[in-house]
Amino acid sequence: MHIDIVHGLTANGPSFFKVLESAIMTPNVKGAVLMMGSMAAFTVNDALIKVAGAELPLFQMVAMRGVLATLLVFLMARHLGALHLNFPRHDKWLVAARCLAELSATFFFLTALLHMPLANVTAVLQALPLTVTLGAVLFFGEHIGWRRILAIGMGFAGMLLIVRPGPDGFSIYAIYALIAVASVTARDLITRRMSTHVPSLTVTLATSVSITVAAGVATAVTGWEPVAPGVGIMVASAAVFVLTGYLCSVMVMREGDVGFIAPFRYSRLIWALGLGWVIFGDWPDTITMLGAVLVVGAGLFTPFRERQSQPAE
């Protein structure tokens with residue numbers, strides 16, 4: 001009897017497991033897994049850079065990471081045939097503007113990361129869906145209802161609790177984190193204006209090259225420190241995790257319903273809390289956690305309300 005059961009499962013194995021996989025790994029589930037994988041990869045990268053930052057100057061780390069990341073992106077783009085500049089001049093200007101925005105975001109975010117707890121910086125970044133929505137309203141004339149406006153206001157209130165603009169809790173590096181949010185918001189809004197003729201990997205390669213070159217030039221001022229093998233491995237690993245995060249984020253756009261998948265973006269905060277506690281011994285205080293809850297709550301409400309109100313708005 002046991003042999004018959006095993007034989008039956010083996011004989012029907014491919015179809016059985018295919019049905020099982022299709023039942024479990026629906027497009028929405030695949031998208032959620034990819035989104036969480038992307039957030040995990042980006043957060044591990046942040047943690048590695050924060051650790052390596054105790055040994056190396058910021059621009060040296062960015063230049064080292066950028067060389068490897070640029071090489072990997074170039075090889076991938078070339079393999080996929082997604083490396084060309086055959087698109088309108090208008091898009092080329094947008095690519096250049098996006099590179100500048102990404103350069104600003106990289107400098108301000110990493111500077112804040114090296115001087116603030118990982119979870120605090122990550123919590124500030126969770127306001128991005130709100131700032132992008134607000135930017136689309138202000139610059140593109142997109143319409144949103146009063147409930148989403150209220151959610152944006154709640155999110156900004158939470159962000160103020162995190163950065164705490166007062167003499168007791170304020171840090172100048174909190175301003176750096178806010179500037180990073182503004183820079184990433186500008187980057188995403190610029191990306192929205194690009195036509196579909198621009199390959200994503202070409203944009204990524206241009207961004208990686210510009211950041212690497214800028215960081216390399218900056219090392220002429222900040223200097224270049226000897227790199228211990230362990231630190232070098234961390235920086236190289238950070239480059240791999242950045243690329244992994246990017247690949248997962250690209251694949252997310254091809255799976256499932258955006259409204260279902262988008263909330264899983266906030267898994268990044270969970271990773272940041274865990275890694276911050278395990279690696280750095282940091283845990284946010286009550287006010288910071290309250291601010292993070294407000295930001296995440298507002299961010300979760302926004303895609304939900306967008307789905308509910310699509311026919312009316």
# chains A, B, ... in the order shown; residues from 1 in each chain; ligands from 1
>>> select_by_dssp(residues="segment 121-287 of chain A", states="helix (DSSP H, G or I)", output="JSON, numbers by chain")
{"A": [121, 122, 123, 124, 125, 128, 129, 130, 131, 132, 133, 134, 135, 136, 137, 138, 139, 140, 146, 147, 148, 149, 150, 151, 152, 153, 154, 155, 156, 157, 158, 159, 160, 161, 162, 163, 172, 173, 174, 175, 176, 177, 178, 179, 180, 181, 182, 183, 184, 185, 186, 187, 188, 189, 190, 191, 192, 193, 200, 201, 202, 203, 204, 205, 206, 207, 208, 209, 210, 211, 212, 213, 214, 215, 216, 217, 218, 219, 220, 221, 222, 229, 230, 231, 232, 233, 234, 235, 236, 237, 238, 239, 240, 241, 242, 243, 244, 245, 246, 247, 248, 249, 250, 251, 252, 258, 259, 260, 261, 262, 263, 264, 265, 266, 267, 268, 269, 270, 271, 272, 273, 274, 275, 276, 277, 278, 279, 280, 286, 287]}
>>> closest_atom_pairs(of="segment 53-151 of chain A", to="segment 214-238 of chain A", cutoff="7 Å", atoms="only C-alpha atoms", output="Markdown table")
| residue | atom | partner | partner_atom | distance |
| --- | --- | --- | --- | --- |
| A:Leu56 | CA | A:Glu225 | CA | 6.4 |
| A:Phe59 | CA | A:Ala215 | CA | 4.9 |
| A:Gln60 | CA | A:Thr219 | CA | 6.0 |
| A:Met61 | CA | A:Val235 | CA | 6.8 |
| A:Val62 | CA | A:Ala215 | CA | 6.1 |
| A:Ala63 | CA | A:Ala215 | CA | 5.1 |
| A:Arg65 | CA | A:Val235 | CA | 5.7 |
| A:Leu68 | CA | A:Ala236 | CA | 7.0 |
>>> write_last_selection(atoms="C-alpha atoms", output="mmCIF file, in the first residue's frame")
data_model
loop_
_atom_site.group_PDB
_atom_site.id
_atom_site.type_symbol
_atom_site.label_atom_id
_atom_site.label_comp_id
_atom_site.auth_asym_id
_atom_site.auth_seq_id
_atom_site.Cartn_x
_atom_site.Cartn_y
_atom_site.Cartn_z
ATOM 1 C CA LEU A 56 35.733 53.804 5.736
ATOM 2 C CA PHE A 59 32.472 58.525 -0.519
ATOM 3 C CA GLN A 60 35.018 55.720 -0.611
ATOM 4 C CA MET A 61 32.307 53.215 0.312
ATOM 5 C CA VAL A 62 29.923 54.583 -2.301
ATOM 6 C CA ALA A 63 32.634 54.484 -4.964
ATOM 7 C CA ARG A 65 30.047 49.691 -4.003
ATOM 8 C CA LEU A 68 30.764 46.503 -8.560
#
>>> closest_residue(among="A:Arg164, A:Leu110, A:Asn120, A:Phe264", to="Trp283 of chain A", atoms="only C-alpha atoms")
A:Asn120
>>> residues_around(residues="segment 182-184 of chain A", least_positions_apart="5", cutoff="9 Å", atoms="only C-alpha atoms", output="short mmCIF file (atom, residue, chain, number, x, y, z; two decimals) with N, CA and C atoms, in the first residue's frame")
data_model
loop_
_atom_site.label_atom_id
_atom_site.label_comp_id
_atom_site.auth_asym_id
_atom_site.auth_seq_id
_atom_site.Cartn_x
_atom_site.Cartn_y
_atom_site.Cartn_z
N LEU A 100 20.71 63.21 -10.93
CA LEU A 100 21.02 64.25 -9.93
C LEU A 100 20.19 64.03 -8.66
N ALA A 101 18.92 63.70 -8.83
CA ALA A 101 18.07 63.46 -7.67
C ALA A 101 18.56 62.24 -6.89
N GLU A 102 18.95 61.19 -7.60
CA GLU A 102 19.45 59.98 -6.94
C GLU A 102 20.78 60.26 -6.23
N LEU A 103 21.62 61.09 -6.84
CA LEU A 103 22.88 61.45 -6.21
C LEU A 103 22.65 62.18 -4.90
N SER A 104 21.71 63.12 -4.91
CA SER A 104 21.35 63.84 -3.69
C SER A 104 20.79 62.88 -2.65
N ALA A 105 19.91 62.00 -3.06
CA ALA A 105 19.30 61.05 -2.13
C ALA A 105 20.36 60.14 -1.51
N THR A 106 21.30 59.69 -2.31
CA THR A 106 22.35 58.79 -1.81
C THR A 106 23.20 59.48 -0.75
N PHE A 108 22.55 62.23 1.15
CA PHE A 108 21.84 62.62 2.37
C PHE A 108 21.34 61.40 3.14
N LEU A 128 7.55 57.88 1.94
CA LEU A 128 7.71 58.10 0.50
C LEU A 128 6.41 57.96 -0.30
N THR A 131 4.60 61.21 0.16
CA THR A 131 5.21 62.39 -0.47
C THR A 131 5.08 62.32 -1.99
N VAL A 132 5.17 61.11 -2.55
CA VAL A 132 5.00 60.97 -4.00
C VAL A 132 3.57 61.30 -4.40
N ALA A 177 17.84 63.14 6.58
CA ALA A 177 16.88 62.09 6.22
C ALA A 177 15.68 62.67 5.47
N LEU A 189 9.00 61.12 -9.16
CA LEU A 189 8.14 61.96 -9.99
C LEU A 189 8.76 62.17 -11.37
#
>>> closest_residue(among="A:Trp277, A:Tyr176, A:Phe87, A:Phe139", to="Val121 of chain A", atoms="only C-alpha atoms")
A:Tyr176
>>> residues_around(residues="Arg78 of chain A", least_positions_apart="5", cutoff="10 Å", atoms="only C-alpha atoms", output="ChimeraX atom specification")
/A:72-73,83-84,201-202
>>> residues_around(residues="segment 285-297 of chain A", least_positions_apart="2", cutoff="8 Å", atoms="only C-alpha atoms", output="short mmCIF file (atom, residue, chain, number, x, y, z; two decimals) with N, CA and C atoms, in the first residue's frame")
data_model
loop_
_atom_site.label_atom_id
_atom_site.label_comp_id
_atom_site.auth_asym_id
_atom_site.auth_seq_id
_atom_site.Cartn_x
_atom_site.Cartn_y
_atom_site.Cartn_z
N ASN A 120 15.18 54.34 12.76
CA ASN A 120 14.68 55.71 12.67
C ASN A 120 14.75 56.24 11.24
N ALA A 123 12.18 54.46 9.16
CA ALA A 123 10.82 54.94 9.45
C ALA A 123 10.51 56.22 8.70
N VAL A 124 11.49 57.11 8.61
CA VAL A 124 11.28 58.36 7.85
C VAL A 124 11.02 58.04 6.38
N GLN A 126 9.54 55.60 5.15
CA GLN A 126 8.21 55.02 4.91
C GLN A 126 7.19 56.06 4.48
N ALA A 127 7.55 57.34 4.60
CA ALA A 127 6.65 58.41 4.15
C ALA A 127 6.68 58.60 2.64
N MET A 154 -1.72 62.96 8.39
CA MET A 154 -1.40 62.08 9.51
C MET A 154 0.00 61.51 9.36
N GLY A 155 0.37 61.16 8.13
CA GLY A 155 1.71 60.63 7.89
C GLY A 155 2.80 61.64 8.19
N PHE A 156 2.57 62.88 7.78
CA PHE A 156 3.55 63.93 8.06
C PHE A 156 3.64 64.21 9.57
N ALA A 157 2.52 64.12 10.27
CA ALA A 157 2.55 64.28 11.73
C ALA A 157 3.41 63.18 12.35
N GLY A 158 3.26 61.96 11.85
CA GLY A 158 4.09 60.87 12.34
C GLY A 158 5.55 61.08 12.05
N MET A 159 5.85 61.63 10.88
CA MET A 159 7.24 61.89 10.52
C MET A 159 7.85 62.94 11.46
N LEU A 160 7.06 63.93 11.85
CA LEU A 160 7.55 64.94 12.79
C LEU A 160 7.85 64.32 14.15
N LEU A 161 7.06 63.32 14.56
CA LEU A 161 7.35 62.64 15.82
C LEU A 161 8.67 61.86 15.74
N ILE A 162 8.98 61.35 14.56
CA ILE A 162 10.22 60.59 14.39
C ILE A 162 11.44 61.51 14.42
N VAL A 163 11.39 62.60 13.66
CA VAL A 163 12.55 63.49 13.59
C VAL A 163 12.60 64.46 14.77
N TYR A 266 6.15 48.06 3.60
CA TYR A 266 6.44 48.45 4.98
C TYR A 266 7.12 47.34 5.78
N TRP A 283 16.94 50.36 19.71
CA TRP A 283 15.49 50.15 19.66
C TRP A 283 14.81 51.51 19.83
N GLY A 299 0.27 55.29 5.18
CA GLY A 299 0.71 54.68 3.93
C GLY A 299 -0.13 53.48 3.53
N LEU A 300 -0.57 52.70 4.51
CA LEU A 300 -1.43 51.56 4.22
C LEU A 300 -2.82 52.00 3.76
N PHE A 301 -3.30 53.10 4.32
CA PHE A 301 -4.63 53.59 3.96
C PHE A 301 -4.67 54.11 2.53
#
>>> residues_around(residues="Phe260 of chain A", least_positions_apart="3", cutoff="7 Å", atoms="only C-alpha atoms", output="list in words")
Asn28, Asp257 and Pro263 of chain A
>>> residues_around(residues="Pro117 of chain A", least_positions_apart="2", cutoff="9 Å", atoms="only C-alpha atoms", output="MDAnalysis selection string")
chainID A and resid 112:115 119:122 276 280 282:284
>>> write_last_selection(atoms="N, CA and C atoms", output="PDB file, in the first residue's frame")
ATOM      1  N   ALA A 112      22.767  60.366   6.872  1.00  0.00           N
ATOM      2  CA  ALA A 112      21.837  60.180   7.989  1.00  0.00           C
ATOM      3  C   ALA A 112      21.959  58.775   8.564  1.00  0.00           C
ATOM      4  N   LEU A 113      22.112  57.778   7.699  1.00  0.00           N
ATOM      5  CA  LEU A 113      22.202  56.393   8.132  1.00  0.00           C
ATOM      6  C   LEU A 113      23.408  56.162   9.035  1.00  0.00           C
ATOM      7  N   LEU A 114      24.525  56.814   8.725  1.00  0.00           N
ATOM      8  CA  LEU A 114      25.747  56.612   9.507  1.00  0.00           C
ATOM      9  C   LEU A 114      25.685  57.279  10.875  1.00  0.00           C
ATOM     10  N   HIS A 115      24.714  58.194  11.064  1.00  0.00           N
ATOM     11  CA  HIS A 115      24.650  58.945  12.326  1.00  0.00           C
ATOM     12  C   HIS A 115      23.351  58.748  13.097  1.00  0.00           C
ATOM     13  N   ALA A 119      16.549  51.935  12.302  1.00  0.00           N
ATOM     14  CA  ALA A 119      15.082  51.935  12.284  1.00  0.00           C
ATOM     15  C   ALA A 119      14.519  53.341  12.143  1.00  0.00           C
ATOM     16  N   ASN A 120      15.176  54.337  12.755  1.00  0.00           N
ATOM     17  CA  ASN A 120      14.685  55.714  12.671  1.00  0.00           C
ATOM     18  C   ASN A 120      14.747  56.239  11.244  1.00  0.00           C
ATOM     19  N   VAL A 121      15.877  56.015  10.579  1.00  0.00           N
ATOM     20  CA  VAL A 121      16.021  56.472   9.196  1.00  0.00           C
ATOM     21  C   VAL A 121      15.024  55.746   8.299  1.00  0.00           C
ATOM     22  N   THR A 122      14.892  54.445   8.507  1.00  0.00           N
ATOM     23  CA  THR A 122      13.952  53.664   7.700  1.00  0.00           C
ATOM     24  C   THR A 122      12.522  54.126   7.917  1.00  0.00           C
ATOM     25  N   GLY A 276      18.522  46.479  13.431  1.00  0.00           N
ATOM     26  CA  GLY A 276      19.016  47.539  14.307  1.00  0.00           C
ATOM     27  C   GLY A 276      19.217  47.055  15.726  1.00  0.00           C
ATOM     28  N   PHE A 280      23.155  46.560  16.113  1.00  0.00           N
ATOM     29  CA  PHE A 280      23.600  47.817  16.718  1.00  0.00           C
ATOM     30  C   PHE A 280      23.076  48.024  18.137  1.00  0.00           C
ATOM     31  N   ASP A 282      20.111  48.949  18.951  1.00  0.00           N
ATOM     32  CA  ASP A 282      19.211  50.105  18.956  1.00  0.00           C
ATOM     33  C   ASP A 282      17.761  49.650  18.956  1.00  0.00           C
ATOM     34  N   TRP A 283      16.937  50.363  19.711  1.00  0.00           N
ATOM     35  CA  TRP A 283      15.487  50.151  19.661  1.00  0.00           C
ATOM     36  C   TRP A 283      14.812  51.507  19.829  1.00  0.00           C
ATOM     37  N   PRO A 284      13.923  51.888  18.914  1.00  0.00           N
ATOM     38  CA  PRO A 284      13.302  53.221  18.981  1.00  0.00           C
ATOM     39  C   PRO A 284      12.529  53.431  20.274  1.00  0.00           C
TER      40      PRO A 284
END
